[in-house]
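Working notes for the structure below.
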Amino acid sequence: MPEFAPRPGDLSRCLRDWSGPTPVLVRSGGTSSRCGDPVLWSLDLRTHCRELQLSADGHRVRVGAGVTMAELQRHLALAGRSVPTGLSGLPGAGYLLTGGISPLSRSQGLAIDRILALEGVWADGEPLALTAEQSLEADGHGSDAWRGLLGAAPFLAVVSAIELSTTPRQPLQIARALVSPEQLAEWIQRAETWPDGVCLQWYWADQIEILLVAIESDEASAQAWAACLPHLVHLPGAVVERIDGLEALPPFGSLARTPRQGMPVAQEVLGLLSPAWEAATPALIQVARQAMAQRPDPGCALASQQLGGATARVPATATSFVHRQAIWKPWITAAWPAADPAARQRSLTWLLQLRDQLLPYCPGVHLAQLHDHLPWHRWELEAAFGDWLPGLRRLKAQHDRHRLLPGL
């Protein structure tokens, strides 16, 4: 992919004078499959948007869009502060701007709920500078511009800097282990009764890995954690440990995957959202079991994170993450050898078949990866933004008249 690394001050002119192919892509961390497109141009923010500035009291941090989440957490950890980042440290600002689901989201909310200010340029080159203080009303409803950028910014603007609120870094109790499909169903149903300070993640590839994360200092979470330990310690591969903060999380899914070497692998990832599964859990796991037995490539996987708690206490009208009542975020990964178009088609067909089987349980979409190049993009937009999609399209018409950024 051809890349251009503009400085923040050059973004406005760059977009106003753009004459290359569209859509223009934005690269901050590089986890999107679109980063490998051989034709389109990418604005690479990783070189010059590198600001990391913590306020004197540590309660606010200004982050350049090219800073990865691992770099952000390491910087904050030195001052004893943290923000709710995800299971991987690789993403850049795209993680923050498309929702930001974390193992601490049940107690601390989504990453977009921590955003205090945004800077950059709209797609038409007009300067962008908004703050939460100016944009949020007393009832939590956000102005259209603020709401659009928090959750759908990649379609509307190029954000070069973000200001976030931080919280004290918290020691965590974590556990990893391998489970059977039947045991996974039991853990899911158990997790749906937990207090907000405990959460479950799972990754299904060659085997099934579960990851539990609990806030050590929360009394209700500590009690729930103690109740979990007898069910954990005898599981295959079980490791129970204390870590100082999110930056010390182990690589998620590494127990479930068999290391492989060979050709570079390409991927597409589809994130879904769902309410609690409750009594439907065994049926969902049976669907997953059949699909995983038929996966066309060893890199194909199904995983999930737990939501609820604090994520549901923010009004749906505050941001473009409208599925505030979601309890689970499953995601499907389709993988194939990078130079094999037939294998690509097989894996994408598998992804769509599994999506269709999961839709009765998982009706929403978390649009953390862009798929405007795939035929199911329109369905995905409707499932991600629901009744708010017409509002986003009005913002698109206002701020991206030449349709430079990915389409809505």
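Convention: chains lettered A, B, ... in structure tokens order; per-chain residue numbering from 1; ligands numbered from 1 as shown.
The neighbours of A:Pro84 here are the residues that come within 8 Å of it, using only C-alpha atoms and leaving out any residue fewer than 3 positions away in the same chain; they are A:Gly100, A:Ile101, A:Ser102, A:Pro103, A:Leu104, A:Ser105, A:Gln108, A:Gly109, A:Leu110, A:Ala111, A:Leu246.
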In stretch 101-307 of chain A, what's strand (DSSP E or B) per DSSP? Answer as a compact mmCIF listing (two decimals) with all heavy atoms, in the first residue's frame?
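Okay, this is what ended up in states-v7.txt:
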# COMPACT_ATOMS: atom_id res chain seq x y z
N ILE A 115 -13.20 9.72 26.50
CA ILE A 115 -12.68 10.79 25.64
C ILE A 115 -13.20 12.14 26.11
O ILE A 115 -14.40 12.35 26.27
CB ILE A 115 -13.04 10.53 24.17
CG1 ILE A 115 -12.33 9.26 23.68
CG2 ILE A 115 -12.66 11.73 23.30
CD1 ILE A 115 -12.64 8.89 22.25
N LEU A 116 -12.27 13.06 26.32
CA LEU A 116 -12.59 14.42 26.78
C LEU A 116 -12.49 15.45 25.67
O LEU A 116 -13.15 16.49 25.71
CB LEU A 116 -11.65 14.82 27.92
CG LEU A 116 -11.68 13.93 29.17
CD1 LEU A 116 -10.59 14.35 30.14
CD2 LEU A 116 -13.05 13.99 29.84
N ALA A 117 -11.63 15.19 24.67
CA ALA A 117 -11.44 16.16 23.59
C ALA A 117 -10.85 15.45 22.37
O ALA A 117 -10.15 14.44 22.51
CB ALA A 117 -10.52 17.30 24.02
N LEU A 118 -11.15 15.99 21.19
CA LEU A 118 -10.65 15.46 19.93
C LEU A 118 -10.11 16.61 19.08
O LEU A 118 -10.71 17.69 19.04
CB LEU A 118 -11.77 14.77 19.15
CG LEU A 118 -12.42 13.53 19.78
CD1 LEU A 118 -13.67 13.14 19.01
CD2 LEU A 118 -11.44 12.37 19.81
N GLU A 119 -9.01 16.33 18.38
CA GLU A 119 -8.45 17.29 17.43
C GLU A 119 -8.13 16.59 16.13
O GLU A 119 -7.79 15.40 16.13
CB GLU A 119 -7.19 17.95 17.99
CG GLU A 119 -7.44 18.91 19.12
CD GLU A 119 -6.16 19.62 19.56
OE1 GLU A 119 -5.17 19.59 18.79
OE2 GLU A 119 -6.16 20.18 20.66
N GLY A 120 -8.21 17.33 15.04
CA GLY A 120 -7.88 16.78 13.74
C GLY A 120 -8.52 17.60 12.66
O GLY A 120 -8.66 18.83 12.78
N VAL A 121 -8.94 16.94 11.58
CA VAL A 121 -9.62 17.62 10.49
C VAL A 121 -10.78 16.75 10.01
O VAL A 121 -10.69 15.52 10.01
CB VAL A 121 -8.69 17.93 9.30
CG1 VAL A 121 -7.61 18.92 9.71
CG2 VAL A 121 -8.07 16.67 8.73
N TRP A 122 -11.88 17.40 9.63
CA TRP A 122 -12.95 16.69 8.96
C TRP A 122 -12.45 16.25 7.59
O TRP A 122 -11.43 16.73 7.09
CB TRP A 122 -14.17 17.59 8.82
CG TRP A 122 -14.82 17.95 10.13
CD1 TRP A 122 -14.71 19.14 10.79
CD2 TRP A 122 -15.68 17.12 10.92
NE1 TRP A 122 -15.45 19.11 11.95
CE2 TRP A 122 -16.06 17.89 12.05
CE3 TRP A 122 -16.17 15.83 10.78
CZ2 TRP A 122 -16.89 17.38 13.04
CZ3 TRP A 122 -17.01 15.32 11.77
CH2 TRP A 122 -17.38 16.09 12.87
N PRO A 127 -10.87 22.28 10.01
CA PRO A 127 -10.32 21.92 11.33
C PRO A 127 -11.38 21.34 12.25
O PRO A 127 -12.55 21.72 12.20
CB PRO A 127 -9.77 23.25 11.86
CG PRO A 127 -9.58 24.10 10.66
CD PRO A 127 -10.65 23.70 9.69
N LEU A 128 -10.95 20.44 13.09
CA LEU A 128 -11.84 19.77 14.04
C LEU A 128 -11.25 19.94 15.44
O LEU A 128 -10.10 19.58 15.69
CB LEU A 128 -11.94 18.29 13.67
CG LEU A 128 -12.85 17.33 14.43
CD1 LEU A 128 -12.99 16.05 13.62
CD2 LEU A 128 -12.33 16.97 15.82
N ALA A 129 -12.00 20.52 16.34
CA ALA A 129 -11.59 20.64 17.74
C ALA A 129 -12.85 20.65 18.59
O ALA A 129 -13.58 21.65 18.63
CB ALA A 129 -10.78 21.92 17.96
N LEU A 130 -13.12 19.53 19.25
CA LEU A 130 -14.33 19.39 20.05
C LEU A 130 -13.97 18.89 21.44
O LEU A 130 -13.02 18.13 21.61
CB LEU A 130 -15.29 18.40 19.40
CG LEU A 130 -15.93 18.79 18.06
CD1 LEU A 130 -16.74 17.62 17.52
CD2 LEU A 130 -16.81 20.01 18.21
N THR A 131 -14.77 19.29 22.42
CA THR A 131 -14.58 18.78 23.78
C THR A 131 -15.90 18.20 24.28
O THR A 131 -16.99 18.59 23.85
CB THR A 131 -14.14 19.89 24.75
OG1 THR A 131 -15.22 20.82 24.93
CG2 THR A 131 -12.90 20.61 24.23
N LEU A 136 -21.62 17.54 25.28
CA LEU A 136 -22.56 16.69 25.99
C LEU A 136 -23.56 17.52 26.78
O LEU A 136 -23.19 18.43 27.53
CB LEU A 136 -21.82 15.74 26.94
CG LEU A 136 -21.13 14.54 26.29
CD1 LEU A 136 -20.30 13.81 27.33
CD2 LEU A 136 -22.16 13.58 25.69
N GLY A 142 -25.34 13.53 23.23
CA GLY A 142 -24.22 14.22 22.61
C GLY A 142 -24.66 15.00 21.39
O GLY A 142 -25.62 14.64 20.70
N ALA A 157 -13.74 11.75 9.61
CA ALA A 157 -12.65 12.68 9.90
C ALA A 157 -11.34 11.94 10.09
O ALA A 157 -11.32 10.71 10.21
CB ALA A 157 -12.98 13.48 11.17
N VAL A 158 -10.26 12.71 10.11
CA VAL A 158 -8.95 12.19 10.50
C VAL A 158 -8.60 12.83 11.84
O VAL A 158 -8.34 14.04 11.91
CB VAL A 158 -7.87 12.52 9.45
CG1 VAL A 158 -6.51 11.97 9.90
CG2 VAL A 158 -8.25 11.94 8.09
N VAL A 159 -8.66 12.04 12.89
CA VAL A 159 -8.37 12.53 14.24
C VAL A 159 -6.88 12.36 14.50
O VAL A 159 -6.33 11.28 14.34
CB VAL A 159 -9.19 11.76 15.29
CG1 VAL A 159 -8.79 12.17 16.70
CG2 VAL A 159 -10.69 12.00 15.06
N SER A 160 -6.21 13.45 14.88
CA SER A 160 -4.77 13.40 15.10
C SER A 160 -4.39 13.35 16.57
O SER A 160 -3.29 12.91 16.91
CB SER A 160 -4.09 14.61 14.45
OG SER A 160 -4.65 15.83 14.92
N ALA A 161 -5.28 13.78 17.48
CA ALA A 161 -4.98 13.76 18.91
C ALA A 161 -6.26 13.58 19.71
O ALA A 161 -7.33 14.08 19.32
CB ALA A 161 -4.27 15.03 19.35
N ILE A 162 -6.14 12.87 20.82
CA ILE A 162 -7.28 12.54 21.67
C ILE A 162 -6.89 12.81 23.12
O ILE A 162 -5.79 12.46 23.54
CB ILE A 162 -7.67 11.06 21.52
CG1 ILE A 162 -7.97 10.71 20.06
CG2 ILE A 162 -8.86 10.71 22.41
CD1 ILE A 162 -8.08 9.23 19.79
N GLU A 163 -7.78 13.42 23.87
CA GLU A 163 -7.56 13.61 25.31
C GLU A 163 -8.51 12.69 26.07
O GLU A 163 -9.71 12.64 25.79
CB GLU A 163 -7.79 15.06 25.71
CG GLU A 163 -7.36 15.35 27.14
CD GLU A 163 -7.33 16.84 27.46
OE1 GLU A 163 -6.91 17.62 26.58
OE2 GLU A 163 -7.72 17.21 28.57
N LEU A 164 -7.96 11.95 27.03
CA LEU A 164 -8.71 10.95 27.78
C LEU A 164 -8.61 11.21 29.27
O LEU A 164 -7.59 11.71 29.77
CB LEU A 164 -8.14 9.56 27.52
CG LEU A 164 -8.09 9.03 26.08
CD1 LEU A 164 -7.06 7.93 25.97
CD2 LEU A 164 -9.45 8.52 25.69
N SER A 165 -9.64 10.81 30.01
CA SER A 165 -9.54 10.78 31.46
C SER A 165 -8.90 9.47 31.88
O SER A 165 -9.11 8.43 31.25
CB SER A 165 -10.91 10.93 32.11
OG SER A 165 -11.75 9.84 31.76
N THR A 167 -7.66 6.73 35.26
CA THR A 167 -7.99 6.29 36.61
C THR A 167 -6.75 5.66 37.24
O THR A 167 -5.78 5.34 36.53
CB THR A 167 -9.12 5.25 36.60
OG1 THR A 167 -8.73 4.16 35.77
CG2 THR A 167 -10.41 5.84 36.08
N PRO A 168 -6.74 5.49 38.55
CA PRO A 168 -5.58 4.82 39.16
C PRO A 168 -5.39 3.42 38.59
O PRO A 168 -6.35 2.69 38.34
CB PRO A 168 -5.96 4.77 40.65
CG PRO A 168 -6.93 5.89 40.83
CD PRO A 168 -7.70 5.96 39.56
N LEU A 172 -4.68 -6.63 39.33
CA LEU A 172 -5.71 -7.54 38.84
C LEU A 172 -5.35 -8.98 39.15
O LEU A 172 -4.18 -9.35 39.15
CB LEU A 172 -5.88 -7.39 37.32
CG LEU A 172 -6.17 -5.99 36.80
CD1 LEU A 172 -6.08 -5.96 35.27
CD2 LEU A 172 -7.55 -5.51 37.26
N GLN A 173 -6.36 -9.78 39.42
CA GLN A 173 -6.20 -11.22 39.49
C GLN A 173 -6.64 -11.79 38.14
O GLN A 173 -7.72 -11.44 37.64
CB GLN A 173 -7.05 -11.82 40.61
CG GLN A 173 -6.63 -11.40 42.00
CD GLN A 173 -5.34 -12.10 42.45
OE1 GLN A 173 -4.91 -13.06 41.83
NE2 GLN A 173 -4.75 -11.61 43.52
N ILE A 174 -5.81 -12.62 37.54
CA ILE A 174 -6.18 -13.21 36.26
C ILE A 174 -5.98 -14.72 36.31
O ILE A 174 -5.19 -15.23 37.11
CB ILE A 174 -5.39 -12.61 35.09
CG1 ILE A 174 -3.90 -13.01 35.16
CG2 ILE A 174 -5.54 -11.10 35.05
CD1 ILE A 174 -3.13 -12.69 33.89
N ALA A 175 -6.70 -15.40 35.45
CA ALA A 175 -6.56 -16.86 35.33
C ALA A 175 -6.76 -17.24 33.87
O ALA A 175 -7.63 -16.68 33.19
CB ALA A 175 -7.56 -17.59 36.21
N ARG A 176 -5.95 -18.18 33.40
CA ARG A 176 -6.07 -18.73 32.05
C ARG A 176 -6.13 -20.25 32.16
O ARG A 176 -5.48 -20.84 33.02
CB ARG A 176 -4.87 -18.35 31.19
CG ARG A 176 -4.58 -16.88 31.13
CD ARG A 176 -3.15 -16.65 30.62
NE ARG A 176 -3.01 -16.90 29.19
CZ ARG A 176 -1.85 -17.17 28.60
NH1 ARG A 176 -0.74 -17.28 29.32
NH2 ARG A 176 -1.81 -17.36 27.31
N ALA A 177 -6.89 -20.86 31.26
CA ALA A 177 -6.98 -22.32 31.26
C ALA A 177 -7.63 -22.77 29.96
O ALA A 177 -8.19 -21.96 29.21
CB ALA A 177 -7.79 -22.83 32.46
N LEU A 178 -7.54 -24.06 29.70
CA LEU A 178 -8.19 -24.67 28.56
C LEU A 178 -9.45 -25.40 29.03
O LEU A 178 -9.46 -26.01 30.10
CB LEU A 178 -7.25 -25.67 27.87
CG LEU A 178 -5.99 -25.05 27.26
CD1 LEU A 178 -5.06 -26.15 26.75
CD2 LEU A 178 -6.34 -24.09 26.13
N VAL A 179 -10.52 -25.32 28.23
CA VAL A 179 -11.79 -25.93 28.60
C VAL A 179 -12.39 -26.66 27.39
O VAL A 179 -12.01 -26.41 26.24
CB VAL A 179 -12.81 -24.89 29.12
CG1 VAL A 179 -12.31 -24.23 30.39
CG2 VAL A 179 -13.11 -23.84 28.04
N VAL A 198 -15.52 -8.40 37.59
CA VAL A 198 -14.98 -9.66 37.08
C VAL A 198 -15.51 -9.85 35.66
O VAL A 198 -16.67 -9.54 35.38
CB VAL A 198 -15.41 -10.87 37.94
CG1 VAL A 198 -14.63 -12.11 37.54
CG2 VAL A 198 -15.23 -10.58 39.41
N CYS A 199 -14.67 -10.35 34.76
CA CYS A 199 -15.15 -10.58 33.41
C CYS A 199 -14.50 -11.81 32.81
O CYS A 199 -13.44 -12.26 33.27
CB CYS A 199 -14.91 -9.36 32.51
SG CYS A 199 -13.19 -9.10 32.09
N LEU A 200 -15.16 -12.34 31.77
CA LEU A 200 -14.70 -13.54 31.08
C LEU A 200 -14.41 -13.21 29.63
O LEU A 200 -15.21 -12.54 28.96
CB LEU A 200 -15.79 -14.63 31.15
CG LEU A 200 -15.55 -15.89 30.30
CD1 LEU A 200 -14.38 -16.71 30.87
CD2 LEU A 200 -16.83 -16.75 30.26
N GLN A 201 -13.28 -13.68 29.14
CA GLN A 201 -12.95 -13.69 27.72
C GLN A 201 -12.68 -15.12 27.29
O GLN A 201 -12.17 -15.91 28.09
CB GLN A 201 -11.70 -12.85 27.42
CG GLN A 201 -11.86 -11.35 27.57
CD GLN A 201 -11.91 -10.85 28.99
OE1 GLN A 201 -12.56 -9.88 29.29
NE2 GLN A 201 -11.21 -11.53 29.89
N TRP A 202 -12.99 -15.48 26.07
CA TRP A 202 -12.63 -16.81 25.59
C TRP A 202 -12.22 -16.77 24.13
O TRP A 202 -12.65 -15.90 23.37
CB TRP A 202 -13.75 -17.82 25.83
CG TRP A 202 -15.12 -17.45 25.36
CD1 TRP A 202 -16.09 -16.80 26.07
CD2 TRP A 202 -15.71 -17.76 24.08
NE1 TRP A 202 -17.23 -16.67 25.33
CE2 TRP A 202 -17.03 -17.26 24.10
CE3 TRP A 202 -15.26 -18.41 22.94
CZ2 TRP A 202 -17.90 -17.37 23.01
CZ3 TRP A 202 -16.11 -18.54 21.85
CH2 TRP A 202 -17.41 -18.01 21.89
N TYR A 203 -11.37 -17.72 23.77
CA TYR A 203 -10.80 -17.79 22.42
C TYR A 203 -10.82 -19.25 21.97
O TYR A 203 -10.26 -20.12 22.63
CB TYR A 203 -9.36 -17.27 22.44
CG TYR A 203 -8.79 -16.98 21.08
CD1 TYR A 203 -8.71 -15.68 20.60
CD2 TYR A 203 -8.31 -18.01 20.25
CE1 TYR A 203 -8.19 -15.41 19.34
CE2 TYR A 203 -7.80 -17.75 19.00
CZ TYR A 203 -7.73 -16.45 18.55
OH TYR A 203 -7.22 -16.18 17.31
N TRP A 204 -11.47 -19.49 20.83
CA TRP A 204 -11.67 -20.86 20.33
C TRP A 204 -10.95 -20.98 19.00
O TRP A 204 -11.33 -20.37 18.00
CB TRP A 204 -13.16 -21.10 20.16
CG TRP A 204 -13.57 -22.53 19.95
CD1 TRP A 204 -12.83 -23.55 19.44
CD2 TRP A 204 -14.85 -23.09 20.26
NE1 TRP A 204 -13.56 -24.71 19.40
CE2 TRP A 204 -14.81 -24.45 19.91
CE3 TRP A 204 -16.03 -22.57 20.79
CZ2 TRP A 204 -15.91 -25.29 20.06
CZ3 TRP A 204 -17.12 -23.40 20.95
CH2 TRP A 204 -17.06 -24.76 20.59
N ILE A 208 -9.85 -24.38 23.23
CA ILE A 208 -10.62 -23.27 23.78
C ILE A 208 -9.91 -22.75 25.02
O ILE A 208 -9.70 -23.49 25.99
CB ILE A 208 -12.05 -23.69 24.16
CG1 ILE A 208 -12.76 -24.33 22.97
CG2 ILE A 208 -12.84 -22.47 24.65
CD1 ILE A 208 -14.12 -24.93 23.32
N GLU A 209 -9.55 -21.49 24.99
CA GLU A 209 -8.90 -20.84 26.13
C GLU A 209 -9.88 -19.88 26.79
O GLU A 209 -10.59 -19.13 26.10
CB GLU A 209 -7.68 -20.05 25.67
CG GLU A 209 -7.02 -19.21 26.74
CD GLU A 209 -5.87 -18.37 26.22
OE1 GLU A 209 -5.34 -18.69 25.14
OE2 GLU A 209 -5.51 -17.39 26.90
N ILE A 210 -9.94 -19.89 28.12
CA ILE A 210 -10.68 -18.87 28.84
C ILE A 210 -9.68 -17.97 29.58
O ILE A 210 -8.62 -18.43 30.00
CB ILE A 210 -11.70 -19.45 29.83
CG1 ILE A 210 -11.04 -20.36 30.87
CG2 ILE A 210 -12.81 -20.18 29.08
CD1 ILE A 210 -11.99 -20.78 32.00
N LEU A 211 -10.04 -16.70 29.70
CA LEU A 211 -9.25 -15.72 30.46
C LEU A 211 -10.19 -14.98 31.39
O LEU A 211 -11.14 -14.33 30.93
CB LEU A 211 -8.55 -14.75 29.52
CG LEU A 211 -7.90 -13.52 30.18
CD1 LEU A 211 -6.73 -13.93 31.08
CD2 LEU A 211 -7.43 -12.52 29.12
N LEU A 212 -9.96 -15.09 32.68
CA LEU A 212 -10.74 -14.36 33.68
C LEU A 212 -9.91 -13.21 34.21
O LEU A 212 -8.70 -13.36 34.45
CB LEU A 212 -11.12 -15.27 34.85
CG LEU A 212 -12.31 -16.22 34.68
CD1 LEU A 212 -12.01 -17.30 33.64
CD2 LEU A 212 -12.67 -16.85 36.02
N VAL A 213 -10.54 -12.05 34.37
CA VAL A 213 -9.88 -10.88 34.92
C VAL A 213 -10.75 -10.31 36.03
O VAL A 213 -11.95 -10.09 35.83
CB VAL A 213 -9.64 -9.80 33.83
CG1 VAL A 213 -8.97 -8.57 34.44
CG2 VAL A 213 -8.80 -10.36 32.68
N ALA A 214 -10.15 -10.08 37.21
CA ALA A 214 -10.90 -9.57 38.36
C ALA A 214 -10.13 -8.42 39.00
O ALA A 214 -8.90 -8.48 39.12
CB ALA A 214 -11.14 -10.67 39.38
N ILE A 215 -10.85 -7.40 39.42
CA ILE A 215 -10.24 -6.27 40.13
C ILE A 215 -10.00 -6.69 41.58
O ILE A 215 -10.94 -6.99 42.32
CB ILE A 215 -11.14 -5.03 40.05
CG1 ILE A 215 -11.31 -4.59 38.60
CG2 ILE A 215 -10.57 -3.89 40.88
CD1 ILE A 215 -12.32 -3.48 38.41
N VAL A 239 -3.37 -21.36 34.89
CA VAL A 239 -2.40 -20.45 35.52
C VAL A 239 -3.20 -19.36 36.20
O VAL A 239 -4.02 -18.68 35.56
CB VAL A 239 -1.44 -19.84 34.49
CG1 VAL A 239 -0.51 -18.84 35.17
CG2 VAL A 239 -0.64 -20.91 33.77
N VAL A 240 -3.00 -19.19 37.48
CA VAL A 240 -3.65 -18.13 38.25
C VAL A 240 -2.57 -17.21 38.77
O VAL A 240 -1.60 -17.67 39.39
CB VAL A 240 -4.47 -18.71 39.42
CG1 VAL A 240 -5.13 -17.59 40.22
CG2 VAL A 240 -5.53 -19.69 38.91
N GLU A 241 -2.69 -15.90 38.51
CA GLU A 241 -1.63 -14.99 38.93
C GLU A 241 -2.18 -13.59 39.16
O GLU A 241 -3.30 -13.26 38.75
CB GLU A 241 -0.52 -14.93 37.87
CG GLU A 241 -0.98 -14.48 36.49
CD GLU A 241 0.14 -14.53 35.47
OE1 GLU A 241 1.28 -14.18 35.84
OE2 GLU A 241 -0.12 -14.90 34.31
N ARG A 242 -1.37 -12.79 39.82
CA ARG A 242 -1.68 -11.38 40.07
C ARG A 242 -0.80 -10.54 39.16
O ARG A 242 0.40 -10.78 39.04
CB ARG A 242 -1.39 -11.03 41.54
CG ARG A 242 -1.65 -9.58 41.92
CD ARG A 242 -1.16 -9.37 43.35
NE ARG A 242 -1.53 -8.06 43.87
CZ ARG A 242 -0.78 -6.96 43.72
NH1 ARG A 242 0.37 -7.02 43.05
NH2 ARG A 242 -1.17 -5.82 44.24
N ILE A 243 -1.39 -9.53 38.51
CA ILE A 243 -0.61 -8.61 37.69
C ILE A 243 -0.86 -7.19 38.17
O ILE A 243 -1.88 -6.90 38.81
CB ILE A 243 -0.94 -8.74 36.19
CG1 ILE A 243 -2.42 -8.43 35.91
CG2 ILE A 243 -0.58 -10.14 35.68
CD1 ILE A 243 -2.77 -8.42 34.42
N VAL A 265 -0.14 -14.64 6.60
CA VAL A 265 -1.57 -14.90 6.71
C VAL A 265 -2.34 -13.59 6.61
O VAL A 265 -1.97 -12.58 7.22
CB VAL A 265 -1.89 -15.59 8.05
CG1 VAL A 265 -3.39 -15.73 8.24
CG2 VAL A 265 -1.22 -16.97 8.10
N ALA A 266 -3.42 -13.59 5.83
CA ALA A 266 -4.34 -12.45 5.77
C ALA A 266 -5.57 -12.79 6.59
O ALA A 266 -5.91 -13.97 6.78
CB ALA A 266 -4.72 -12.16 4.33
N GLN A 267 -6.27 -11.74 7.07
CA GLN A 267 -7.43 -11.96 7.93
C GLN A 267 -8.51 -10.93 7.68
O GLN A 267 -8.24 -9.81 7.23
CB GLN A 267 -7.03 -11.86 9.41
CG GLN A 267 -6.11 -12.94 9.92
CD GLN A 267 -5.86 -12.81 11.41
OE1 GLN A 267 -6.00 -11.73 11.99
NE2 GLN A 267 -5.48 -13.90 12.04
N GLU A 268 -9.73 -11.30 7.97
CA GLU A 268 -10.84 -10.38 8.16
C GLU A 268 -11.51 -10.74 9.47
O GLU A 268 -11.64 -11.93 9.80
CB GLU A 268 -11.87 -10.47 7.03
CG GLU A 268 -11.39 -10.01 5.67
CD GLU A 268 -11.22 -8.50 5.56
OE1 GLU A 268 -11.51 -7.78 6.54
OE2 GLU A 268 -10.80 -8.04 4.48
N VAL A 269 -11.92 -9.72 10.23
CA VAL A 269 -12.52 -9.94 11.55
C VAL A 269 -13.87 -9.23 11.60
O VAL A 269 -13.97 -8.05 11.29
CB VAL A 269 -11.61 -9.41 12.67
CG1 VAL A 269 -12.26 -9.63 14.03
CG2 VAL A 269 -10.23 -10.07 12.61
N LEU A 270 -14.89 -9.97 11.99
CA LEU A 270 -16.24 -9.43 12.14
C LEU A 270 -16.63 -9.49 13.61
O LEU A 270 -16.69 -10.57 14.20
CB LEU A 270 -17.23 -10.24 11.30
CG LEU A 270 -18.71 -9.90 11.50
CD1 LEU A 270 -19.00 -8.45 11.11
CD2 LEU A 270 -19.60 -10.85 10.69
N GLY A 271 -16.91 -8.33 14.20
CA GLY A 271 -17.32 -8.26 15.60
C GLY A 271 -18.83 -8.16 15.73
O GLY A 271 -19.47 -7.33 15.08
N LEU A 272 -19.41 -9.00 16.57
CA LEU A 272 -20.85 -9.00 16.83
C LEU A 272 -21.12 -8.52 18.25
O LEU A 272 -20.21 -8.42 19.07
CB LEU A 272 -21.41 -10.42 16.63
CG LEU A 272 -21.17 -11.04 15.25
CD1 LEU A 272 -21.65 -12.50 15.24
CD2 LEU A 272 -21.86 -10.25 14.15
N LEU A 273 -22.38 -8.24 18.55
CA LEU A 273 -22.79 -7.84 19.89
C LEU A 273 -24.09 -8.54 20.24
O LEU A 273 -24.94 -8.74 19.37
CB LEU A 273 -22.97 -6.32 19.98
CG LEU A 273 -21.68 -5.49 19.89
CD1 LEU A 273 -21.99 -4.03 19.62
CD2 LEU A 273 -20.84 -5.64 21.15
N SER A 274 -24.24 -8.90 21.51
CA SER A 274 -25.42 -9.68 21.87
C SER A 274 -25.85 -9.38 23.30
O SER A 274 -25.04 -8.95 24.14
CB SER A 274 -25.11 -11.17 21.75
OG SER A 274 -24.37 -11.62 22.85
N ALA A 301 -10.97 -18.50 13.70
CA ALA A 301 -11.22 -18.58 15.14
C ALA A 301 -12.52 -17.88 15.50
O ALA A 301 -13.06 -17.08 14.73
CB ALA A 301 -10.06 -17.96 15.92
N LEU A 302 -13.00 -18.18 16.70
CA LEU A 302 -14.16 -17.51 17.29
C LEU A 302 -13.78 -17.15 18.71
O LEU A 302 -13.23 -17.97 19.46
CB LEU A 302 -15.37 -18.45 17.29
CG LEU A 302 -16.65 -17.92 17.97
CD1 LEU A 302 -17.19 -16.71 17.21
CD2 LEU A 302 -17.71 -19.02 18.03
N ALA A 303 -14.02 -15.90 19.11
CA ALA A 303 -13.64 -15.44 20.44
C ALA A 303 -14.73 -14.51 20.97
O ALA A 303 -15.66 -14.15 20.24
CB ALA A 303 -12.29 -14.72 20.40
N SER A 304 -14.62 -14.12 22.24
CA SER A 304 -15.62 -13.23 22.80
C SER A 304 -15.09 -12.50 24.03
O SER A 304 -14.24 -13.02 24.76
CB SER A 304 -16.89 -14.00 23.19
OG SER A 304 -17.93 -13.12 23.56
N GLN A 305 -15.60 -11.29 24.24
CA GLN A 305 -15.37 -10.51 25.45
C GLN A 305 -16.70 -10.24 26.13
O GLN A 305 -17.74 -10.18 25.47
CB GLN A 305 -14.71 -9.16 25.11
CG GLN A 305 -13.29 -9.24 24.65
CD GLN A 305 -12.76 -7.87 24.26
OE1 GLN A 305 -12.86 -7.46 23.11
NE2 GLN A 305 -12.20 -7.15 25.22
N GLN A 306 -16.65 -10.01 27.44
CA GLN A 306 -17.86 -9.75 28.21
C GLN A 306 -18.02 -8.25 28.45
O GLN A 306 -17.05 -7.54 28.75
CB GLN A 306 -17.79 -10.47 29.56
CG GLN A 306 -19.11 -10.44 30.33
CD GLN A 306 -19.04 -11.21 31.63
OE1 GLN A 306 -17.99 -11.71 32.02
NE2 GLN A 306 -20.16 -11.34 32.31
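When only C-alpha atoms are used to compute distances to A:Cys14, the closest of the residues A:Ser42, A:Ser28, A:Thr281, A:Ser217 turns out to be A:Ser42.
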Practice problem: May I have all residues of stretch 40-272 of chain A that DSSP, computed from the backbone, assigns to helix (DSSP H, G or I), given as number ranges by chain? | Solution: A: 69-77, 93-97, 105-108, 111-114, 132-135, 144-155, 181-191, 219-232, 246-248
Practice problem: Please provide as an NGL selection string all residues within 8 Å of A:Pro21, with the sequence filter that same-chain residues fewer than 3 positions apart are discarded (counting only C-alpha atoms). | Solution: :A and (24 or 39-41)
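Excluding A:Leu381 itself and same-chain residues fewer than 5 positions from it, the residues having an atom within 10 Å of it are Gly364, Val365, His366, Leu367, His371, Asp372, Trp376, Gly386, Leu389, Gly407 and Leu408 of chain A, counting only C-alpha atoms.
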Quiz prompt | Selected residue of minimal separation from A:Asp196 among A:Gly309, A:Gly89, A:Pro230, A:Pro264, counting only C-alpha atoms | solution = A:Gly309
